[in-house]
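Novice: My structure is stored as query_10.cif, with mmCIF, C-alpha atoms and all ligand atoms.
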data_input
#
loop_
_atom_site.label_atom_id
_atom_site.label_comp_id
_atom_site.auth_asym_id
_atom_site.auth_seq_id
_atom_site.Cartn_x
_atom_site.Cartn_y
_atom_site.Cartn_z
CA MET Q 158 15.10 -12.76 31.97
CA PRO Q 159 13.68 -16.30 31.58
CA GLU Q 160 16.12 -18.88 30.24
CA ASN Q 161 15.57 -19.69 26.55
CA LEU Q 162 13.39 -16.62 26.09
CA ILE Q 163 11.52 -16.62 22.79
CA ARG Q 164 12.32 -13.11 21.74
CA LEU Q 165 9.82 -10.79 20.07
CA SER Q 166 12.41 -9.86 17.46
CA LYS Q 167 16.15 -10.08 16.96
CA SER Q 168 19.05 -9.51 14.58
CA VAL Q 169 20.05 -12.67 12.74
CA ILE Q 170 23.78 -12.35 12.15
CA GLY Q 171 26.19 -14.96 10.76
CA PRO Q 172 29.94 -15.26 10.14
CA GLU Q 173 29.54 -13.29 6.87
CA GLU Q 174 28.52 -10.10 8.70
CA LYS Q 175 31.20 -10.60 11.39
CA ASN Q 176 33.96 -11.11 8.80
CA ALA Q 177 32.79 -8.10 6.79
CA VAL Q 178 32.96 -5.88 9.88
CA ILE Q 179 36.41 -7.18 10.81
CA LYS Q 180 37.59 -6.31 7.30
CA VAL Q 181 36.42 -2.72 7.71
CA LEU Q 182 38.01 -2.51 11.17
CA ASP Q 183 41.31 -3.85 9.79
CA ASN Q 184 41.19 -1.34 6.97
CA GLY Q 185 41.10 1.50 9.50
CA ARG Q 186 38.53 3.59 7.62
CA LEU Q 187 35.30 3.22 9.54
CA GLY Q 188 33.31 6.24 8.38
CA MET Q 189 31.39 6.78 5.16
CA GLY Q 190 33.38 5.42 2.23
CA SER Q 191 33.60 2.60 -0.29
CA GLU Q 192 31.37 0.17 1.65
CA VAL Q 193 28.52 2.70 1.76
CA LYS Q 194 28.96 3.28 -1.99
CA LYS Q 195 28.81 -0.48 -2.60
CA PHE Q 196 25.70 -0.87 -0.40
CA GLU Q 197 24.02 2.03 -2.19
CA ASP Q 198 24.85 0.54 -5.58
CA LEU Q 199 23.41 -2.82 -4.51
CA LEU Q 200 20.26 -1.20 -3.12
CA SER Q 201 19.85 0.85 -6.31
CA LYS Q 202 20.07 -2.41 -8.26
CA PHE Q 203 17.58 -4.08 -5.91
CA PHE Q 204 15.04 -1.28 -6.38
CA ASP Q 205 16.07 -0.48 -9.96
CA ARG Q 206 16.30 3.23 -9.12
CA PRO Q 207 18.49 5.54 -7.01
CA ALA Q 208 18.86 4.68 -3.31
CA LEU Q 209 20.71 6.69 -0.67
CA CYS Q 210 21.86 5.34 2.69
CA CYS Q 211 21.63 7.21 5.96
CA VAL Q 212 22.00 6.66 9.67
CA ASN Q 213 18.49 5.34 10.41
CA GLY Q 214 14.91 5.21 9.17
CA THR Q 215 13.90 8.31 11.13
CA ALA Q 216 16.62 10.29 9.34
CA ALA Q 217 15.45 8.83 6.01
CA LEU Q 218 11.97 10.25 6.67
CA HIS Q 219 13.28 13.58 7.96
CA LEU Q 220 15.61 14.07 4.96
CA SER Q 221 12.84 13.11 2.52
CA LEU Q 222 10.31 15.47 4.07
CA GLN Q 223 12.79 18.33 4.14
CA ALA Q 224 13.87 17.74 0.53
CA SER Q 225 10.19 17.64 -0.48
CA GLY Q 226 9.82 21.18 0.82
CA VAL Q 227 7.86 20.29 3.97
CA GLY Q 228 8.61 23.01 6.49
CA PHE Q 229 7.37 25.31 9.20
CA ASN Q 230 3.58 25.28 9.70
CA ASP Q 231 2.96 22.80 6.89
CA GLU Q 232 0.70 19.84 7.63
CA VAL Q 233 1.37 16.20 6.89
CA LEU Q 234 -1.30 13.50 6.95
CA VAL Q 235 -0.18 10.36 8.78
CA GLN Q 236 -1.82 7.55 10.67
CA SER Q 237 -1.70 7.88 14.43
CA LEU Q 238 -0.98 4.18 14.77
CA THR Q 239 2.71 4.15 13.87
CA TYR Q 240 6.06 4.28 15.57
CA LEU Q 241 6.83 7.62 17.19
CA ALA Q 242 9.65 8.05 14.65
CA THR Q 243 7.20 8.84 11.84
CA PHE Q 244 5.72 11.69 13.88
CA GLN Q 245 9.06 13.00 15.10
CA ALA Q 246 10.47 13.13 11.58
CA ILE Q 247 7.56 15.36 10.57
CA SER Q 248 7.75 17.67 13.57
CA ALA Q 249 11.54 17.88 13.16
CA CYS Q 250 10.81 19.84 9.95
CA GLY Q 251 8.70 22.33 11.91
CA ALA Q 252 5.61 20.80 10.30
CA LYS Q 253 2.52 19.43 12.00
CA PRO Q 254 1.75 15.72 11.83
CA VAL Q 255 -2.04 15.44 11.42
CA PRO Q 256 -3.05 12.15 13.03
CA CYS Q 257 -5.49 10.09 10.97
CA ASP Q 258 -7.37 6.88 11.56
CA VAL Q 259 -6.49 3.46 10.12
CA ASN Q 260 -8.44 0.88 8.16
CA LYS Q 261 -9.53 -1.94 10.43
CA ASP Q 262 -8.46 -4.75 8.14
CA THR Q 263 -4.89 -3.62 7.34
CA LEU Q 264 -3.98 -0.95 9.94
CA THR Q 265 -2.95 1.32 7.06
CA LEU Q 266 -4.05 4.94 6.51
CA ASP Q 267 -7.82 5.48 6.31
CA LEU Q 268 -8.23 7.79 3.32
CA ASN Q 269 -11.79 8.75 4.27
CA ASP Q 270 -10.50 10.21 7.47
CA ALA Q 271 -7.40 11.69 5.82
CA SER Q 272 -9.46 13.51 3.20
CA LYS Q 273 -11.54 15.19 5.93
CA LYS Q 274 -8.30 16.57 7.39
CA LEU Q 275 -6.97 18.15 4.20
CA THR Q 276 -6.34 21.91 4.47
CA ASN Q 277 -4.53 24.39 2.27
CA ARG Q 278 -1.47 23.77 4.44
CA THR Q 279 -1.35 20.03 3.72
CA LYS Q 280 1.89 19.32 1.84
CA ALA Q 281 2.36 15.58 2.04
CA VAL Q 282 0.93 12.26 3.06
CA VAL Q 283 2.99 9.59 4.83
CA PRO Q 284 1.43 6.15 4.44
CA VAL Q 285 2.90 3.58 6.83
CA HIS Q 286 3.16 0.03 5.51
CA PHE Q 287 2.08 -1.47 8.82
CA ALA Q 288 3.66 -4.88 9.47
CA GLY Q 289 4.86 -4.80 5.84
CA ASP Q 290 1.34 -4.37 4.41
CA PRO Q 291 1.01 -1.47 1.93
CA GLY Q 292 -2.82 -1.67 2.01
CA LYS Q 293 -4.37 -0.11 -1.10
CA LEU Q 294 -1.34 1.97 -1.99
CA HIS Q 295 -2.60 2.96 -5.45
CA GLU Q 296 -5.52 4.77 -3.74
CA ILE Q 297 -3.05 6.81 -1.68
CA TYR Q 298 -1.30 7.83 -4.90
CA GLU Q 299 -4.62 8.77 -6.55
CA PHE Q 300 -5.57 10.85 -3.49
CA ALA Q 301 -2.14 12.54 -3.43
CA SER Q 302 -2.19 13.30 -7.10
CA SER Q 303 -5.67 14.86 -7.02
CA ASN Q 304 -4.65 17.03 -4.06
CA GLY Q 305 -1.12 17.97 -5.16
CA LEU Q 306 0.60 16.18 -2.27
CA ARG Q 307 3.99 14.49 -2.05
CA VAL Q 308 3.91 10.85 -0.92
CA ILE Q 309 6.65 9.80 1.47
CA GLU Q 310 6.12 6.09 2.12
CA ASP Q 311 7.18 4.92 5.56
CA SER Q 312 8.39 1.54 4.36
CA ALA Q 313 10.32 0.77 7.56
CA HIS Q 314 8.40 -2.51 7.94
CA ALA Q 315 8.22 -3.41 4.28
CA PHE Q 316 11.67 -4.27 2.94
CA GLY Q 317 11.12 -7.07 0.41
CA THR Q 318 7.33 -6.69 0.20
CA LYS Q 319 5.76 -6.71 -3.25
CA TYR Q 320 2.69 -4.72 -4.29
CA ASN Q 321 1.07 -5.72 -7.59
CA ASN Q 322 4.24 -7.70 -8.35
CA GLN Q 323 6.46 -4.65 -7.86
CA THR Q 324 8.90 -4.36 -4.98
CA ILE Q 325 7.97 -1.63 -2.48
CA GLY Q 326 10.45 1.17 -3.11
CA SER Q 327 10.81 0.36 -6.81
CA PHE Q 328 7.96 2.69 -7.80
CA GLY Q 329 6.10 5.73 -6.47
CA ASP Q 330 7.31 9.07 -5.14
CA ILE Q 331 9.65 8.46 -2.17
CA SER Q 332 10.11 5.34 -0.06
CA CYS Q 333 11.98 5.28 3.26
CA PHE Q 334 13.36 2.12 4.86
CA SER Q 335 14.85 1.32 8.25
CA PHE Q 336 17.71 -1.13 8.77
CA ASP Q 337 17.68 -1.06 12.56
CA GLY Q 338 18.69 -4.20 14.41
CA ILE Q 339 15.34 -5.98 14.16
CA LYS Q 340 14.14 -5.04 10.67
CA ASN Q 341 13.75 -7.41 7.69
CA ILE Q 342 17.40 -6.67 6.95
CA THR Q 343 19.71 -4.75 9.26
CA SER Q 344 22.89 -2.70 9.06
CA GLY Q 345 23.06 -2.40 12.86
CA GLU Q 346 21.22 0.88 12.68
CA GLY Q 347 20.65 2.44 9.27
CA GLY Q 348 18.14 3.47 6.68
CA CYS Q 349 17.69 4.36 3.05
CA ILE Q 350 15.69 6.60 0.77
CA VAL Q 351 14.61 5.51 -2.70
CA SER Q 352 13.25 7.83 -5.36
CA ASP Q 353 13.76 8.68 -9.00
CA ASP Q 354 13.30 12.40 -8.38
CA MET Q 355 16.90 13.37 -9.15
CA GLU Q 356 16.63 16.86 -7.64
CA LEU Q 357 15.41 15.32 -4.39
CA ILE Q 358 18.26 12.80 -4.49
CA ARG Q 359 20.76 15.62 -4.97
CA LEU Q 360 19.34 17.58 -2.02
CA ILE Q 361 19.38 14.54 0.27
CA LYS Q 362 22.93 13.56 -0.75
CA ASP Q 363 24.16 16.91 0.56
CA ALA Q 364 21.74 17.24 3.49
CA ARG Q 365 22.87 13.93 5.04
CA LEU Q 366 26.42 15.34 5.23
CA LEU Q 367 25.71 18.67 6.96
CA GLY Q 368 24.62 20.21 3.66
CA ILE Q 369 28.19 20.21 2.30
CA ILE Q 370 27.88 20.40 -1.48
CA ASN Q 371 29.12 17.21 -3.17
CA ASP Q 372 30.78 15.78 -0.04
CA THR Q 373 29.31 12.36 -0.90
CA ASN Q 374 31.57 12.02 -3.95
CA ASN Q 375 34.66 12.91 -1.94
CA ARG Q 376 33.79 10.42 0.81
CA PHE Q 377 33.26 7.66 -1.75
CA SER Q 378 36.78 8.18 -3.04
CA GLY Q 379 38.31 8.15 0.44
CA LYS Q 380 38.63 11.94 0.70
CA ARG Q 381 36.98 14.75 2.63
CA SER Q 382 35.87 18.18 1.57
CA TRP Q 383 38.15 20.78 3.16
CA ASN Q 384 37.11 23.69 1.03
CA PHE Q 385 33.37 23.71 0.67
CA ASP Q 386 30.18 25.63 0.43
CA VAL Q 387 26.80 25.01 2.07
CA SER Q 388 23.49 26.28 0.76
CA THR Q 389 20.93 24.40 2.88
CA GLN Q 390 20.38 23.16 6.42
CA GLY Q 391 21.99 19.74 6.75
CA TRP Q 392 22.44 17.01 9.35
CA ARG Q 393 25.04 14.42 10.40
CA TYR Q 394 22.88 11.62 9.04
CA HIS Q 395 25.31 9.61 6.87
CA MET Q 396 25.91 5.86 7.17
CA SER Q 397 29.28 4.41 8.22
CA ASP Q 398 31.27 1.72 6.40
CA ILE Q 399 30.86 -0.59 9.43
CA MET Q 400 27.08 -0.39 9.05
CA ALA Q 401 27.17 -0.77 5.27
CA ALA Q 402 29.40 -3.87 5.57
CA ILE Q 403 26.70 -5.54 7.67
CA GLY Q 404 23.94 -4.32 5.35
CA ILE Q 405 25.62 -5.75 2.23
CA GLN Q 406 25.77 -9.23 3.77
CA GLN Q 407 22.18 -8.97 4.98
CA LEU Q 408 20.95 -7.94 1.54
CA ASN Q 409 22.50 -11.17 0.17
CA LYS Q 410 20.19 -13.08 2.53
CA ILE Q 411 16.95 -11.24 1.77
CA ASP Q 412 15.35 -14.17 -0.04
CA TYR Q 413 15.96 -16.50 2.90
CA PHE Q 414 14.83 -13.91 5.50
CA SER Q 415 11.69 -13.09 3.50
CA ARG Q 416 10.67 -16.71 2.99
CA LYS Q 417 11.27 -17.51 6.65
CA ARG Q 418 9.16 -14.56 7.86
CA GLN Q 419 6.40 -15.39 5.39
CA ASP Q 420 6.34 -19.08 6.38
CA LEU Q 421 6.19 -18.22 10.07
CA ALA Q 422 3.33 -15.75 9.56
CA LYS Q 423 1.41 -18.38 7.56
CA LYS Q 424 1.98 -20.84 10.40
CA TYR Q 425 0.63 -18.30 12.93
CA ASP Q 426 -2.44 -17.81 10.69
CA GLU Q 427 -3.01 -21.55 10.62
CA LEU Q 428 -2.57 -22.03 14.38
CA LEU Q 429 -4.79 -19.06 15.23
CA SER Q 430 -7.54 -20.12 12.85
CA PHE Q 431 -8.60 -22.60 15.58
CA SER Q 432 -9.29 -19.80 18.04
CA ASN Q 433 -12.58 -17.95 17.90
CA GLN Q 434 -11.36 -15.41 20.46
CA ILE Q 435 -8.31 -14.05 18.69
CA SER Q 436 -8.45 -12.12 15.42
CA SER Q 437 -5.49 -12.00 13.10
CA PHE Q 438 -5.09 -9.85 10.00
CA LYS Q 439 -5.78 -11.45 6.64
CA ARG Q 440 -2.59 -10.59 4.83
CA ASN Q 441 -1.23 -12.15 1.66
CA TYR Q 442 2.11 -13.57 2.79
CA THR Q 443 3.09 -14.52 -0.72
CA SER Q 444 3.68 -10.85 -1.54
CA ILE Q 445 3.96 -9.28 1.94
CA VAL Q 446 7.14 -9.81 3.96
CA PRO Q 447 5.93 -9.31 7.53
CA HIS Q 448 8.10 -7.35 9.95
CA ILE Q 449 5.75 -7.96 12.89
CA TYR Q 450 2.83 -10.29 13.56
CA SER Q 451 0.06 -8.53 15.48
CA ILE Q 452 -3.21 -9.97 16.70
CA ILE Q 453 -6.35 -8.46 18.23
CA LEU Q 454 -7.12 -9.76 21.72
CA PRO Q 455 -10.64 -10.26 23.07
CA LYS Q 456 -12.10 -7.10 24.63
CA THR Q 457 -12.08 -8.69 28.07
CA THR Q 458 -8.39 -9.70 28.07
CA LYS Q 459 -6.14 -7.70 30.36
CA ARG Q 460 -3.23 -7.16 28.01
CA ASP Q 461 -0.55 -6.20 30.56
CA LEU Q 462 -1.35 -9.19 32.71
CA LEU Q 463 -1.28 -11.50 29.71
CA ARG Q 464 2.08 -10.10 28.63
CA GLU Q 465 3.48 -10.70 32.11
CA LYS Q 466 2.22 -14.28 32.16
CA LEU Q 467 3.65 -14.99 28.72
CA TYR Q 468 6.98 -13.47 29.73
CA SER Q 469 7.14 -15.72 32.79
CA LEU Q 470 6.66 -18.66 30.41
CA GLY Q 471 9.57 -17.41 28.30
CA ILE Q 472 7.66 -15.53 25.59
CA GLU Q 473 8.35 -11.88 24.82
CA THR Q 474 5.54 -9.87 23.21
CA GLY Q 475 5.20 -6.29 22.00
CA ILE Q 476 2.74 -3.46 21.50
CA HIS Q 477 2.69 -1.81 18.08
CA TYR Q 478 1.80 0.95 18.84
CA LEU Q 479 0.68 3.51 21.37
CA PRO Q 480 -1.32 5.89 19.12
CA ASN Q 481 0.68 9.08 18.74
CA HIS Q 482 -2.31 11.40 19.11
CA LYS Q 483 -2.48 10.28 22.75
CA LEU Q 484 1.02 11.62 23.47
CA SER Q 485 1.20 15.04 25.16
CA TYR Q 486 3.39 16.48 22.42
CA TYR Q 487 0.95 15.57 19.64
CA GLN Q 488 -2.40 15.95 21.39
CA ASN Q 489 -4.94 18.14 19.65
CA PRO Q 490 -8.37 18.63 21.24
CA ARG Q 491 -9.85 19.65 17.85
CA LEU Q 492 -8.92 16.33 16.33
CA GLY Q 493 -12.00 14.33 17.27
CA ASN Q 494 -11.98 10.60 17.72
CA LEU Q 495 -10.01 8.15 15.65
CA LEU Q 496 -12.57 5.39 16.01
CA ASN Q 497 -10.76 2.36 14.62
CA THR Q 498 -7.47 3.34 16.23
CA GLU Q 499 -9.07 3.86 19.61
CA GLU Q 500 -10.97 0.62 19.44
CA ILE Q 501 -8.16 -1.60 18.18
CA ALA Q 502 -4.94 -0.14 19.66
CA PRO Q 503 -5.58 -1.21 23.29
CA ARG Q 504 -6.23 -4.76 22.08
CA LEU Q 505 -3.21 -5.19 19.80
CA LEU Q 506 -0.47 -7.61 20.75
CA SER Q 507 2.58 -8.54 18.69
CA LEU Q 508 3.83 -12.12 18.86
CA PRO Q 509 7.47 -13.19 18.36
CA LEU Q 510 8.57 -13.03 14.74
CA HIS Q 511 12.14 -13.34 13.41
CA PRO Q 512 13.97 -15.78 11.15
CA ASP Q 513 15.51 -17.79 14.01
CA LEU Q 514 12.12 -19.12 15.17
CA ASN Q 515 10.73 -22.49 14.19
CA GLU Q 516 7.26 -24.05 14.03
CA GLU Q 517 7.56 -25.60 17.51
CA ASP Q 518 8.28 -22.15 18.96
CA LEU Q 519 5.10 -20.84 17.34
CA GLU Q 520 3.03 -23.77 18.57
CA PHE Q 521 4.24 -23.07 22.10
CA VAL Q 522 3.50 -19.33 21.75
CA VAL Q 523 -0.05 -19.88 20.48
CA ARG Q 524 -0.81 -22.63 23.01
CA SER Q 525 0.41 -20.44 25.88
CA LEU Q 526 -1.49 -17.45 24.54
CA ILE Q 527 -4.79 -19.28 24.30
CA GLU Q 528 -4.40 -20.92 27.70
CA ASN Q 529 -3.79 -17.54 29.36
CA LEU Q 530 -6.34 -15.28 27.69
C1 LIG P 601 6.97 2.45 11.22
C2 LIG P 601 8.38 2.93 11.50
N1 LIG P 601 8.76 4.11 11.00
C3 LIG P 601 10.00 4.59 11.19
C4 LIG P 601 10.93 3.89 11.92
C5 LIG P 601 12.25 4.51 12.19
O1 LIG P 601 13.34 3.76 11.83
P1 LIG P 601 14.68 3.80 12.70
O2 LIG P 601 14.45 3.09 13.97
O3 LIG P 601 15.67 3.11 11.81
O4 LIG P 601 15.01 5.24 12.90
C6 LIG P 601 10.59 2.64 12.45
C7 LIG P 601 11.58 1.87 13.20
O5 LIG P 601 11.41 1.18 14.12
C8 LIG P 601 9.26 2.15 12.25
O6 LIG P 601 8.89 0.99 12.77
#
Mind converting the file's structure to structure tokens?
Specialist:
Amino acid sequence: MPENLIRLSKSVIGPEEKNAVIKVLDNGRLGMGSEVKKFEDLLSKFFDRPALCCVNGTAALHLSLQASGVGFNDEVLVQSLTYLATFQAISACGAKPVPCDVNKDTLTLDLNDASKKLTNRTKAVVPVHFAGDPGKLHEIYEFASSNGLRVIEDSAHAFGTKYNNQTIGSFGDISCFSFDGIKNITSGEGGCIVSDDMELIRLIKDARLLGIINDTNNRFSGKRSWNFDVSTQGWRYHMSDIMAAIGIQQLNKIDYFSRKRQDLAKKYDELLSFSNQISSFKRNYTSIVPHIYSIILPKTTKRDLLREKLYSLGIETGIHYLPNHKLSYYQNPRLGNLLNTEEIAPRLLSLPLHPDLNEEDLEFVVRSLIENL
């Protein structure tokens, strides 16, 4: 690894998180307990509606889909250009992810394509807020409402983003977040589900603890359920107090993290505006909190070679994402082409973005990128 590598992404952890973890370790109760309750209460306040914590963002999606009644042989509309986790959460329910195209300008779900793929088995739509951008989310809700679909927002990239002045997660059907190590806030690993559908919340509360009825309440008061009943399939998907202790401290810093990410993305926009070879996405970084910063390379650029060159100069880059419909497990010959996805995906490159970067880092990244195209 080059010395002083400018990392693509990283956890930004201070003494507050370290001390909070030590406190949990000293207390000797590491599992799901009072810290998770506190984190959930703080998240519920942040979103102004019920939030439930779980072990990661994939589990948040899986639990939400299951509690929405998505099951065997059902179909779920989802953009192909997303992290594998979105697809796996759907297929984990026995349902079929139906890969759709994306809009060129936002890399969010293309509703024209999605509407062509509606069948009488379609149960839900999973819009992915790519790089923190919710696209035209109200159109997704209109589409879902006229077709009787649940909306499970994959908000893994969008913690802190606002849409029409409302925080993502604070409105709509169901919103799922990831708190993995590199997200806008982290709890080590972790995730949460936000919804005001109280029946769904009740189902997920039990399902995250192996389906044990009301175990959440016992855990929050330092007890366990010894005598219990189970009425649904559940999973070991709960969050631990160690994770929640980190998450609580990170949530305190959300304003700083958001501003830093937004300022860095604006700086990238400014630096890249001088290049007529590289396209960036026109996002509003006053309301969007970017999780990644992706660009479109010229058609002639050999991406792997460029990534190697940049790495040798001390710059780590990423690819978000390999389209899922190209993976053996999700291939479907009847699908047809996803034109925008197929054109853009091979040319996408993500540049370093995390709150520990500064403007000089970005200047070096963009200079090196342009010199090596
Ligand atoms: C778009 C998207 N969806 C879902 C997930 C899954 O979250 P997790 O890694 O916490 O399981 C991620 C995480 O990287 C993601 O980027």
Novice: So that I can check the surroundings of Ile297 in chain Q, please list as a list in words every protein, DNA and RNA residue that reaches within 9 Å of it, counting all atoms listed in the file and ignoring chain neighbours fewer than 2 positions away.
Specialist: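 The residues satisfying every condition are Leu266, Leu268, Val282, Pro284, Lys293, Leu294, His295, Glu299, Phe300, Ala301, Ser302 and Val308 of chain Q.
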Novice: Skipping near chain neighbours, those fewer than 6 positions away, what residues fall within 7 Å of range 192-194 of chain Q using only C-alpha atoms, listed as a ChimeraX atom specification?
Specialist: /Q:377,396-398,401-402
Novice: Could you tell me which of Q:Glu310, Q:Glu197, Q:Asp267, Q:Asp262 comes closest to ligand LIG 601 (chain P) if we count only C-alpha atoms and all ligand atoms?
Specialist: Q:Glu310
Novice: Taking 6 positions as the minimum chain separation for residues in the same chain, which residues sit within 6 Å of range 172-186 of chain Q when counting all atoms listed in the file? Answer as a ChimeraX atom specification.
Specialist: /Q:399,402-403,406
Novice: Taking all atoms listed in the file into account, which residues are within 10 Å of ligand LIG 601 (chain P), as a short mmCIF file (atom, residue, chain, number, x, y, z; two decimals) with C-alpha atoms, keeping the file's coordinate frame?
Specialist:
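Saved to pocket23.cif:
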data_model
loop_
_atom_site.label_atom_id
_atom_site.label_comp_id
_atom_site.auth_asym_id
_atom_site.auth_seq_id
_atom_site.Cartn_x
_atom_site.Cartn_y
_atom_site.Cartn_z
CA CYS Q 211 21.63 7.21 5.96
CA VAL Q 212 22.00 6.66 9.67
CA ASN Q 213 18.49 5.34 10.41
CA GLY Q 214 14.91 5.21 9.17
CA THR Q 215 13.90 8.31 11.13
CA ALA Q 216 16.62 10.29 9.34
CA ALA Q 217 15.45 8.83 6.01
CA LEU Q 218 11.97 10.25 6.67
CA HIS Q 219 13.28 13.58 7.96
CA LEU Q 238 -0.98 4.18 14.77
CA THR Q 239 2.71 4.15 13.87
CA TYR Q 240 6.06 4.28 15.57
CA LEU Q 241 6.83 7.62 17.19
CA ALA Q 242 9.65 8.05 14.65
CA THR Q 243 7.20 8.84 11.84
CA PHE Q 244 5.72 11.69 13.88
CA GLN Q 245 9.06 13.00 15.10
CA ALA Q 246 10.47 13.13 11.58
CA PRO Q 284 1.43 6.15 4.44
CA VAL Q 285 2.90 3.58 6.83
CA HIS Q 286 3.16 0.03 5.51
CA PHE Q 287 2.08 -1.47 8.82
CA ALA Q 288 3.66 -4.88 9.47
CA GLY Q 289 4.86 -4.80 5.84
CA GLU Q 310 6.12 6.09 2.12
CA ASP Q 311 7.18 4.92 5.56
CA SER Q 312 8.39 1.54 4.36
CA ALA Q 313 10.32 0.77 7.56
CA HIS Q 314 8.40 -2.51 7.94
CA ALA Q 315 8.22 -3.41 4.28
CA CYS Q 333 11.98 5.28 3.26
CA PHE Q 334 13.36 2.12 4.86
CA SER Q 335 14.85 1.32 8.25
CA PHE Q 336 17.71 -1.13 8.77
CA ASP Q 337 17.68 -1.06 12.56
CA GLY Q 338 18.69 -4.20 14.41
CA ILE Q 339 15.34 -5.98 14.16
CA LYS Q 340 14.14 -5.04 10.67
CA THR Q 343 19.71 -4.75 9.26
CA SER Q 344 22.89 -2.70 9.06
CA GLY Q 345 23.06 -2.40 12.86
CA GLU Q 346 21.22 0.88 12.68
CA GLY Q 347 20.65 2.44 9.27
CA GLY Q 348 18.14 3.47 6.68
CA CYS Q 349 17.69 4.36 3.05
CA HIS Q 448 8.10 -7.35 9.95
CA ILE Q 449 5.75 -7.96 12.89
CA HIS Q 477 2.69 -1.81 18.08
CA TYR Q 478 1.80 0.95 18.84
#
Novice: Report the centre and edge lengths, in Å to one decimal, of an axis-aligned box enclosing every atom of range 454-469 of chain Q listed in the file, padded by 8 Å on each side, as lines of an AutoDock Vina configuration file.
Specialist:
center_x = -2.5
center_y = -11.0
center_z = 27.3
size_x = 35.2
size_y = 25.5
size_z = 27.1
Novice: Fewer than 5 positions away in the same chain doesn't count, so skip those; otherwise give me all residues within 10 Å of Glu500 in chain Q, counting only C-alpha atoms, as a ChimeraX atom specification.
Specialist: /Q:261,456,495,505
Novice: How many Å lie between CA of Ser332 in chain Q and CA of Ala208 in chain Q, rounded to one decimal?
Specialist: 9.4 Å
Novice: Tell me which of Q:Asp513, Q:Asp198, Q:Asp205, Q:Glu499 sits closest to Thr324 in chain Q, counting all atoms listed in the file.
Specialist: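 Result for the nearest residue to Thr324 in chain Q: Q:Asp205.
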Novice: Give me the residues within 10 Å of Gln223 in chain Q as a PDB file with C-alpha atoms, in the frame of the given file, counting all atoms listed in the file and dropping any in the same chain fewer than 5 places off.
Specialist:
ATOM      1  CA  LEU Q 218      11.970  10.250   6.670  1.00  0.00           C
ATOM      2  CA  GLY Q 228       8.610  23.010   6.490  1.00  0.00           C
ATOM      3  CA  ALA Q 246      10.470  13.130  11.580  1.00  0.00           C
ATOM      4  CA  ILE Q 247       7.560  15.360  10.570  1.00  0.00           C
ATOM      5  CA  ALA Q 249      11.540  17.880  13.160  1.00  0.00           C
ATOM      6  CA  CYS Q 250      10.810  19.840   9.950  1.00  0.00           C
ATOM      7  CA  GLY Q 251       8.700  22.330  11.910  1.00  0.00           C
ATOM      8  CA  ALA Q 252       5.610  20.800  10.300  1.00  0.00           C
ATOM      9  CA  LEU Q 357      15.410  15.320  -4.390  1.00  0.00           C
ATOM     10  CA  LEU Q 360      19.340  17.580  -2.020  1.00  0.00           C
ATOM     11  CA  ILE Q 361      19.380  14.540   0.270  1.00  0.00           C
ATOM     12  CA  ALA Q 364      21.740  17.240   3.490  1.00  0.00           C
ATOM     13  CA  GLN Q 390      20.380  23.160   6.420  1.00  0.00           C
ATOM     14  CA  GLY Q 391      21.990  19.740   6.750  1.00  0.00           C
TER      15      GLY Q 391
END
Novice: Given the choices Q:Leu366, Q:Val227, Q:Ile331, Q:Ile405, which gets closest to Ala281 in chain Q if the distance is worked out from only C-alpha atoms?
Specialist: Q:Val227
Novice: Out of Q:Pro256, Q:Gly379, Q:Arg460, Q:Ala502, which residue has the shortest atom-to-atom distance to Leu479 in chain Q when counting only C-alpha atoms?
Specialist: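 Of Q:Pro256, Q:Gly379, Q:Arg460, Q:Ala502, the one nearest Leu479 in chain Q, counting only C-alpha atoms, is Q:Ala502.
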Novice: Could you please determine the separation between CA of Pro455 in chain Q and CA of Ser469 in chain Q in Å, to one decimal place?
Specialist: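 A separation of 21.0 Å between them.
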Novice: Within 9 Å of (-1.7, 17.4, 3.6), only C-alpha atoms: residues as a short mmCIF file (atom, residue, chain, number, x, y, z; two decimals) with C-alpha atoms, in the coordinates of the input?
Specialist:
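Saved file part-v9.cif follows:
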data_model
loop_
_atom_site.label_atom_id
_atom_site.label_comp_id
_atom_site.auth_asym_id
_atom_site.auth_seq_id
_atom_site.Cartn_x
_atom_site.Cartn_y
_atom_site.Cartn_z
CA ASP Q 231 2.96 22.80 6.89
CA GLU Q 232 0.70 19.84 7.63
CA VAL Q 233 1.37 16.20 6.89
CA LEU Q 234 -1.30 13.50 6.95
CA VAL Q 235 -0.18 10.36 8.78
CA VAL Q 255 -2.04 15.44 11.42
CA ALA Q 271 -7.40 11.69 5.82
CA SER Q 272 -9.46 13.51 3.20
CA LYS Q 274 -8.30 16.57 7.39
CA LEU Q 275 -6.97 18.15 4.20
CA THR Q 276 -6.34 21.91 4.47
CA ASN Q 277 -4.53 24.39 2.27
CA ARG Q 278 -1.47 23.77 4.44
CA THR Q 279 -1.35 20.03 3.72
CA LYS Q 280 1.89 19.32 1.84
CA ALA Q 281 2.36 15.58 2.04
CA VAL Q 282 0.93 12.26 3.06
CA ALA Q 301 -2.14 12.54 -3.43
CA ASN Q 304 -4.65 17.03 -4.06
CA GLY Q 305 -1.12 17.97 -5.16
CA LEU Q 306 0.60 16.18 -2.27
CA ARG Q 307 3.99 14.49 -2.05
#
Novice: Which one is closest to Asn515 in chain Q: Q:Gln434, Q:Tyr450, Q:Ala422, Q:Asn260? Count only C-alpha atoms.
Specialist: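 Going through Q:Gln434, Q:Tyr450, Q:Ala422, Q:Asn260 one by one, the smallest distance to Asn515 in chain Q is for Q:Ala422.
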